Amino acid sequence: SSAVVSEELPSGTVSNMPWRKAGVRHANNEIYIDIVEEIDAIVDLDGSVVSWDVSGSVQAQSLLSGVPDLLLTFKDPAVIDDCGFHPCVRYARYENDGVVSFVPPDGDFELMRYRVSSDALRNGFSPPLYCQPNVGYSVGKDGVTTDGRISINVLARSVSSLVFSSSRKGPLIIEDVSVVIPFPRIVRTANLSVNVGTVIYDEAGKVAKWTIGKLDEQKRPQLTGTMLLEGTKKPESNAPLVLTWKIPLASVSGLSVSGLSLTGEMYKPYKGVRNICKSGRYQVRCG
């Protein structure tokens with residue numbers, strides 16, 4: 001028998017909008033937009049940036065009744081390059097007018113992804129925090145093992161390439177700061193201590209995670225420690241540290257929303273829009 005392909009949409013969806021459920025109702029109508037920019041970078045031992053790249057996404061949470069039609073406009077869409085959209089976005093409208101027109105799905109979804117144009121990045125990148133590792137080795141007193149020493153200092157920097165939102169008040173605060181420290185396989189034991197946060201060393205995986213948390217310019221987090229290595233041969237190189245961090249109300253590109261309007265429904269929704277800048281794959285060379 002020949003296969004029968006249904007031309008009907010799944011029940012309970014709006015016709016021609018399979019991503020939107022029919023009959024959506026919310027007591028409070030709200031739409032939240034986060035512009036999230038992630039920085040991939042390789043930073044040298046002296047703090048200079050060897051390579052870097054920025055990718056962005058617009059994350060949305062829509063709690064809107066009925067079939068709302070939204071129009072999102074940016075102040076400087078020229079910084080957007082190479083973008084991709086959720087199926088709800090009318091792509092032709094973006095191509096022609098540089099605006100994002102869409103009927104959203106209900107709940108959380110990614111509205112679009114983009115890369116930051118090379119023009120917006122031409123002045124280079126000055127990081128908002130500085131991580132300085134120092135690792136050294138020497139032959140132990142017994143002549144058959146190697147002793148290692150490690151210290152890592154992390155500092156927040158008020159002067160950086162970041163563009164801060166006008167709504168940001170007070171001094172710089174960097175959130176969710178952590179450092180992952182891979183150790184050479186020949187390390188037998190490591191004894192680590194920190195003056196801020198907590199550090200956990202995984203003996204089997206030969207990796208430590210230092211969780212700092214919130215960081216401001218007054219804090220001076222430092223990790224210090226010793227290692228005992230098998231044999232007298234020093235490691236040829238040290239794997240890079242992986243740094244994680246997040247700064248609300250900041251971006252690299254300066255991309256911001258100039259308008260978010262709703263048609264098709266009578267209510268006036270609450271609208272929340274913010275920028276977030278965070279680490280992607282962010283590595284610090286360790287010598």
# chains A, B, ... in the order shown; residues from 1 in each chain; ligands from 1
>>> residues_around(residues="Leu255 in chain A", least_positions_apart="5", cutoff="9 Å", atoms="only C-alpha atoms", output="number ranges by chain")
A: 35, 74-80, 163, 275
>>> select_by_dssp(residues="range 24-90 of chain A", states="strand (DSSP E)", output="PyMOL selection string")
chain A and resi 30-43+49-63+69-74+80-85
>>> closest_residue(among="A:Gly170, A:Gly66, A:Pro127, A:Gly205", to="Arg20 in chain A", atoms="only C-alpha atoms")
A:Gly66
>>> atom_distance(atom1="CA of Leu162 in chain A", atom2="CA of His86 in chain A")
27.4 Å
>>> closest_residue(among="A:Val273, A:Val252, A:Leu172, A:Cys83", to="Trp52 in chain A", atoms="only C-alpha atoms")
A:Val252
>>> residues_around(residues="range 232-242 of chain A", least_positions_apart="2", cutoff="6 Å", atoms="only C-alpha atoms", output="list in words")
Val139, Val144, Thr145, Thr146, Val179, Val180, Ile181, Tyr282, Gln283, Val284, Arg285 and Cys286 of chain A
>>> closest_residue(among="A:Ser101, A:Ser193, A:Ser48, A:Ser253", to="Ser117 in chain A", atoms="only C-alpha atoms")
A:Ser253
>>> closest_residue(among="A:Leu64, A:Val54, A:Val24, A:Leu45", to="Met266 in chain A", atoms="only C-alpha atoms")
A:Leu64
>>> closest_residue(among="A:Leu129, A:Ser178, A:Val187, A:Leu215", to="Val43 in chain A", atoms="only C-alpha atoms")
A:Leu129
>>> closest_residue(among="A:Glu175, A:Asp147, A:Glu110, A:Asp216", to="Ala190 in chain A", atoms="only C-alpha atoms")
A:Asp147
>>> residues_around(residues="Arg157 in chain A", least_positions_apart="6", cutoff="12 Å", atoms="only C-alpha atoms", output="PyMOL selection string")
chain A and resi 47+126-131+171-174+215-220
>>> residues_around(residues="Ile31 in chain A", least_positions_apart="3", cutoff="7 Å", atoms="only C-alpha atoms", output="PyMOL selection string")
chain A and resi 61-64+269-272
>>> write_last_selection(atoms="N, CA and C atoms", output="PDB file, in the first residue's frame")
ATOM      1  N   GLN A  61      12.616  34.354  26.601  1.00  0.00           N
ATOM      2  CA  GLN A  61      11.596  33.649  27.384  1.00  0.00           C
ATOM      3  C   GLN A  61      10.291  34.390  27.149  1.00  0.00           C
ATOM      4  N   SER A  62       9.361  33.714  26.478  1.00  0.00           N
ATOM      5  CA  SER A  62       8.096  34.343  26.116  1.00  0.00           C
ATOM      6  C   SER A  62       6.968  33.731  26.941  1.00  0.00           C
ATOM      7  N   LEU A  63       6.289  34.580  27.699  1.00  0.00           N
ATOM      8  CA  LEU A  63       5.119  34.162  28.482  1.00  0.00           C
ATOM      9  C   LEU A  63       3.970  35.085  28.079  1.00  0.00           C
ATOM     10  N   LEU A  64       3.537  34.921  26.834  1.00  0.00           N
ATOM     11  CA  LEU A  64       2.568  35.826  26.222  1.00  0.00           C
ATOM     12  C   LEU A  64       1.330  35.054  25.768  1.00  0.00           C
ATOM     13  N   PRO A 269       2.539  43.981  27.450  1.00  0.00           N
ATOM     14  CA  PRO A 269       3.342  43.045  28.240  1.00  0.00           C
ATOM     15  C   PRO A 269       4.454  43.749  29.015  1.00  0.00           C
ATOM     16  N   TYR A 270       4.953  43.067  30.072  1.00  0.00           N
ATOM     17  CA  TYR A 270       6.184  43.516  30.721  1.00  0.00           C
ATOM     18  C   TYR A 270       7.344  43.044  29.849  1.00  0.00           C
ATOM     19  N   LYS A 271       8.299  43.933  29.574  1.00  0.00           N
ATOM     20  CA  LYS A 271       9.431  43.587  28.701  1.00  0.00           C
ATOM     21  C   LYS A 271      10.741  43.780  29.461  1.00  0.00           C
ATOM     22  N   GLY A 272      11.554  42.756  29.507  1.00  0.00           N
ATOM     23  CA  GLY A 272      12.866  42.834  30.145  1.00  0.00           C
ATOM     24  C   GLY A 272      13.957  42.503  29.147  1.00  0.00           C
TER      25      GLY A 272
END
>>> residues_around(residues="Ile150 in chain A", least_positions_apart="5", cutoff="7 Å", atoms="only C-alpha atoms", output="count of residues only")
6
>>> residues_around(residues="Tyr91 in chain A", least_positions_apart="6", cutoff="12 Å", atoms="only C-alpha atoms", output="number ranges by chain")
A: 83-85, 97-102, 111-112
>>> atom_distance(atom1="CA of Ile247 in chain A", atom2="CA of Phe164 in chain A")
9.4 Å
